[in-house]
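Coordinates as given in final_8.txt (compact mmCIF, C-alpha atoms and all ligand atoms):
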# COMPACT_ATOMS: atom_id res chain seq x y z
CA MET A 391 114.96 83.85 120.18
CA THR A 392 114.14 87.45 119.40
CA ASP A 393 116.40 89.98 121.04
CA LEU A 394 114.25 92.77 122.49
CA ASN A 395 117.40 94.84 123.06
CA ASP A 396 118.06 95.02 119.34
CA PRO A 397 117.42 98.68 118.42
CA VAL A 398 115.82 97.69 115.10
CA VAL A 399 113.40 95.34 116.84
CA ARG A 400 112.64 97.96 119.50
CA GLY A 401 112.09 100.66 116.91
CA TYR A 402 109.71 98.46 114.99
CA LEU A 403 107.67 97.53 118.08
CA ILE A 404 107.53 101.12 119.35
CA GLN A 405 106.34 102.32 115.96
CA LEU A 406 103.66 99.64 116.03
CA MET A 407 102.33 99.99 119.55
CA GLY A 408 104.16 102.74 121.38
CA GLU A 409 106.58 102.79 124.31
CA GLU A 410 104.00 101.40 126.70
CA GLY A 411 103.28 98.50 124.39
CA LEU A 412 106.96 97.61 124.23
CA GLU A 413 107.22 97.91 128.00
CA MET A 414 104.32 95.50 128.35
CA ILE A 415 105.95 92.96 126.02
CA GLU A 416 109.21 93.16 127.94
CA LYS A 417 107.53 92.43 131.26
CA MET A 418 105.11 89.87 129.91
CA PRO A 419 105.82 86.18 130.51
CA ALA A 420 107.57 84.94 127.37
CA GLU A 421 105.99 81.54 127.64
CA GLY A 422 102.60 80.20 128.60
CA GLU A 423 99.13 81.65 128.27
CA VAL A 424 97.87 84.65 130.24
CA THR A 425 94.74 86.76 130.37
CA ASP A 426 94.75 90.52 129.78
CA GLU A 427 94.08 91.10 133.48
CA GLN A 428 97.01 88.92 134.47
CA ILE A 429 99.22 90.85 132.07
CA ALA A 430 98.08 94.18 133.53
CA GLU A 431 98.77 92.91 137.01
CA ALA A 432 102.19 91.47 136.16
CA THR A 433 103.41 94.42 134.10
CA GLY A 434 101.80 97.39 135.83
CA VAL A 435 100.54 98.61 132.45
CA MET A 436 96.95 99.88 132.45
CA LEU A 437 94.34 97.35 131.35
CA ASN A 438 93.03 99.43 128.43
CA ILE A 439 96.57 99.79 127.08
CA VAL A 440 97.16 96.07 127.57
CA ARG A 441 94.01 95.35 125.55
CA ARG A 442 94.91 97.78 122.80
CA THR A 443 98.44 96.39 122.58
CA LEU A 444 97.18 92.80 122.44
CA PHE A 445 94.80 93.78 119.67
CA ILE A 446 97.60 95.33 117.61
CA MET A 447 99.85 92.35 118.29
CA ASN A 448 97.14 89.96 117.18
CA GLU A 449 96.56 91.95 113.98
CA ASN A 450 100.27 91.76 113.23
CA LYS A 451 100.55 88.11 114.21
CA LEU A 452 102.88 88.83 117.10
CA ALA A 453 100.59 87.17 119.64
CA ILE A 454 98.31 84.17 119.63
CA CYS A 455 94.87 84.35 121.14
CA ARG A 456 92.82 81.39 122.30
CA ARG A 457 89.26 81.49 123.61
CA GLU A 458 88.20 79.19 126.37
CA ARG A 459 84.69 78.81 127.75
CA ASP A 460 84.31 78.05 131.42
CA SER A 461 82.06 75.00 131.50
CA SER A 462 80.23 76.00 134.69
CA SER A 463 79.84 79.78 134.29
CA GLY A 464 79.78 79.90 130.50
CA TRP A 465 82.15 82.89 130.55
CA LEU A 466 84.60 83.25 127.73
CA THR A 467 88.21 83.74 128.68
CA TYR A 468 90.77 85.04 126.21
CA LEU A 469 94.17 83.53 126.70
CA TRP A 470 97.18 85.22 125.19
CA GLN A 471 100.62 84.09 124.29
CA LEU A 472 103.52 86.08 122.87
CA ASP A 473 104.71 84.89 119.51
CA LEU A 474 107.64 86.91 118.26
CA SER A 475 108.96 84.11 116.07
CA ASP A 476 107.87 85.90 112.88
CA ILE A 477 109.39 89.23 113.81
CA GLU A 478 112.52 88.70 111.71
CA SER A 479 110.47 88.28 108.54
CA HIS A 480 108.36 91.33 109.50
CA LEU A 481 111.54 93.33 109.85
CA ALA A 482 112.91 92.08 106.55
CA LYS A 483 109.68 93.22 104.87
CA GLU A 484 109.84 96.62 106.60
CA LYS A 485 113.44 97.02 105.47
CA LYS A 486 112.51 96.20 101.89
CA LYS A 487 109.72 98.78 101.99
CA LEU A 488 112.02 101.43 103.45
CA PHE A 489 114.65 100.65 100.85
CA LYS A 490 112.15 101.01 98.01
CA ASN A 491 110.82 104.31 99.39
CA LEU A 492 114.32 105.72 99.73
CA GLN A 493 115.15 104.62 96.22
CA LEU A 494 112.07 106.33 94.77
CA ARG A 495 112.91 109.44 96.77
CA LEU A 496 116.46 109.41 95.45
CA GLU A 497 115.24 109.02 91.86
CA SER A 498 112.88 111.95 92.30
CA GLU A 499 115.70 114.08 93.74
CA GLU A 500 117.99 113.17 90.87
CA ASP A 501 115.40 113.66 88.13
CA ASN A 502 113.98 116.96 89.29
CA VAL A 503 114.98 120.51 90.04
CA PHE A 504 113.69 122.06 93.24
CA TYR A 505 112.85 125.56 94.34
CA THR A 506 112.37 126.49 97.96
CA CYS A 507 111.12 129.49 99.89
CA PRO A 508 113.95 131.10 101.91
CA GLU A 509 111.49 131.30 104.81
CA GLY A 510 111.03 127.53 104.64
CA CYS A 511 107.34 127.55 103.67
CA VAL A 512 107.44 125.39 100.55
CA ARG A 513 109.59 123.16 98.39
CA PHE A 514 108.45 122.88 94.77
CA GLN A 515 109.51 121.03 91.67
CA PHE A 516 110.22 123.23 88.66
CA ASN A 517 106.71 123.01 87.15
CA ASP A 518 104.92 123.95 90.35
CA ALA A 519 107.39 126.74 91.02
CA SER A 520 106.92 128.18 87.57
CA GLU A 521 103.14 128.00 87.97
CA CYS A 522 103.47 130.31 90.99
CA GLU A 523 105.81 132.52 88.96
CA PHE A 524 108.60 131.57 91.39
CA LEU A 525 106.90 133.34 94.28
CA CYS A 526 106.08 131.61 97.54
CA PRO A 527 102.28 131.21 97.72
CA ALA A 528 102.43 131.44 101.50
CA CYS A 529 104.61 134.48 102.13
CA GLY A 530 105.32 136.01 98.71
CA GLU A 531 109.13 135.66 98.90
CA ASP A 532 111.10 134.79 95.76
CA LEU A 533 111.59 131.06 95.46
CA MET A 534 115.24 130.07 95.28
CA PHE A 535 116.83 127.31 93.24
CA GLU A 536 117.93 124.61 95.64
CA ASP A 537 121.15 122.71 95.24
CA ASN A 538 119.88 119.31 96.35
CA SER A 539 123.21 117.49 96.11
CA PRO A 540 123.49 117.24 99.94
CA MET A 541 120.06 115.53 99.94
CA VAL A 542 121.11 113.18 97.13
CA GLU A 543 124.27 112.37 99.02
CA LYS A 544 122.37 111.72 102.23
CA LEU A 545 119.89 109.39 100.52
CA THR A 546 122.66 107.54 98.69
CA LYS A 547 124.51 107.02 101.95
CA ARG A 548 121.39 105.77 103.71
CA LEU A 549 120.74 103.28 100.88
CA ASP A 550 124.33 102.07 101.01
CA GLU A 551 124.01 101.50 104.76
CA LEU A 552 120.86 99.49 104.28
CA LYS A 553 122.52 97.43 101.57
CA THR A 554 125.47 96.60 103.81
CA ASN A 555 123.18 95.68 106.70
CA ASN A 556 121.21 93.34 104.49
CA SER A 557 124.15 91.31 103.31
ZN ZN B 1 107.44 131.47 101.99
Take the structure in the file and give it back as structure tokens.
Amino acid sequence: MTDLNDPVVRGYLIQLMGEEGLEMIEKMPAEGEVTDEQIAEATGVMLNIVRRTLFIMNENKLAICRRERDSSSGWLTYLWQLDLSDIESHLAKEKKKLFKNLQLRLESEEDNVFYTCPEGCVRFQFNDASECEFLCPACGEDLMFEDNSPMVEKLTKRLDELKTNNS
């Protein structure tokens, strides 16, 4: 059973469909099929947001949708069911992606020298900085060599944390 109180799970769902989407999931019946209108009624979330959230969930395989045609009226009804069973593997994938991005970022920080504008306009690698003759293209200030060891340290620490959480 997926724990919706887990901050990692919450963060992932909020990133995917916003606070209102998460709120809808929390109030939605965890079992059985429901229509979008029933969800809106049960959760108090506006119907257009319910529909948008269901669409995103379906795209990400977090909900199952089944169509049913009423034999007398011919109307199609869309029946929805939460399916958070795959969320752990989604999260594992997200974590892997994040880890890889951080690693690339760390490599770039370690392999390059950076120059920044004291006013905070730009941050350049050596080549770009030298192309602008070490002057900020936005405000004209002298670009300053940046000691990026705090950044390297921060990234290394973040990667270590992720590694420990994965084991
Ligand atoms: Zn500047």
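One finds CA of Ile415 in chain A at 12.2 Å from CA of Arg441 in chain A.
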Could you produce a table of the residues of chain A lying within 9 Å of ligand ZN 1 (chain B), with the nearest pair of atoms per residue and their separation in Å rounded to one decimal, using all atoms listed in the file, ordered by chain and increasing residue number, as CSV?
residue,atom,partner,partner_atom,distance
A:Thr506,CA,B:ZN1,ZN,8.1
A:Cys507,CA,B:ZN1,ZN,4.7
A:Pro508,CA,B:ZN1,ZN,6.5
A:Glu509,CA,B:ZN1,ZN,4.9
A:Gly510,CA,B:ZN1,ZN,6.0
A:Cys511,CA,B:ZN1,ZN,4.3
A:Val512,CA,B:ZN1,ZN,6.2
A:Leu525,CA,B:ZN1,ZN,8.0
A:Cys526,CA,B:ZN1,ZN,4.7
A:Pro527,CA,B:ZN1,ZN,6.7
A:Ala528,CA,B:ZN1,ZN,5.0
A:Cys529,CA,B:ZN1,ZN,4.1
A:Gly530,CA,B:ZN1,ZN,6.0
A:Glu531,CA,B:ZN1,ZN,5.5
A:Asp532,CA,B:ZN1,ZN,8.0
A:Leu533,CA,B:ZN1,ZN,7.7
Of the candidates A:Ile439, A:Leu394, A:Met534, A:Ser475, which shows the shortest atom-to-atom distance to Glu427 in chain A, using all atoms listed in the file?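 Closest to Glu427 in chain A, using all atoms listed in the file: A:Ile439.
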Atom pair CA of Leu545 in chain A / CA of Glu499 in chain A: separation (Å):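 Between CA of Leu545 in chain A and CA of Glu499 in chain A the gap works out to 9.2 Å.
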Considering all atoms listed in the file, return as a PDB file with C-alpha atoms, in the coordinates of the input whatever protein or nucleic-acid residues lie within 9 Å of Lys451 in chain A, sequence-local ones (same chain, fewer than 5 positions apart) excluded.
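Contents of result.pdb, freshly written:
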ATOM      1  CA  ILE A 446      97.600  95.330 117.610  1.00  0.00           C
ATOM      2  CA  ASP A 473     104.710  84.890 119.510  1.00  0.00           C
ATOM      3  CA  LEU A 474     107.640  86.910 118.260  1.00  0.00           C
ATOM      4  CA  ASP A 476     107.870  85.900 112.880  1.00  0.00           C
ATOM      5  CA  ILE A 477     109.390  89.230 113.810  1.00  0.00           C
TER       6      ILE A 477
END
Residue contacts of Ala482 in chain A (12 Å, only C-alpha atoms) excluding same-chain residues fewer than 3 positions away, as a count of residues only: 16
Best match for closeness to Leu472 in chain A among A:Arg548, A:Lys417, A:Arg495, A:Arg457, counting all atoms listed in the file: A:Lys417
Can you work out the spacing between CA of Pro397 in chain A and CA of Gln471 in chain A in Å, to one decimal? 23.0 Å
In terms of the shortest atom-to-atom distance over all atoms listed in the file, which of A:Thr546, A:Gly411, A:Ala420, A:Ile454 is closest to Gly434 in chain A?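 Counting all atoms listed in the file, the residue closest to Gly434 in chain A is A:Gly411.
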Considering only C-alpha atoms, return as a VMD selection string whatever protein or nucleic-acid residues lie within 12 Å of Lys544 in chain A, sequence-local ones (same chain, fewer than 5 positions apart) excluded. chain A and resid 492 to 493 495 to 496 499 538 to 539 549 to 551
Written selection (C-alpha atoms) as a PDB file, keeping the file's coordinate frame:
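The result, stored in part.pdb:
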ATOM      1  CA  LEU A 492     114.320 105.720  99.730  1.00  0.00           C
ATOM      2  CA  GLN A 493     115.150 104.620  96.220  1.00  0.00           C
ATOM      3  CA  ARG A 495     112.910 109.440  96.770  1.00  0.00           C
ATOM      4  CA  LEU A 496     116.460 109.410  95.450  1.00  0.00           C
ATOM      5  CA  GLU A 499     115.700 114.080  93.740  1.00  0.00           C
ATOM      6  CA  ASN A 538     119.880 119.310  96.350  1.00  0.00           C
ATOM      7  CA  SER A 539     123.210 117.490  96.110  1.00  0.00           C
ATOM      8  CA  LEU A 549     120.740 103.280 100.880  1.00  0.00           C
ATOM      9  CA  ASP A 550     124.330 102.070 101.010  1.00  0.00           C
ATOM     10  CA  GLU A 551     124.010 101.500 104.760  1.00  0.00           C
TER      11      GLU A 551
END
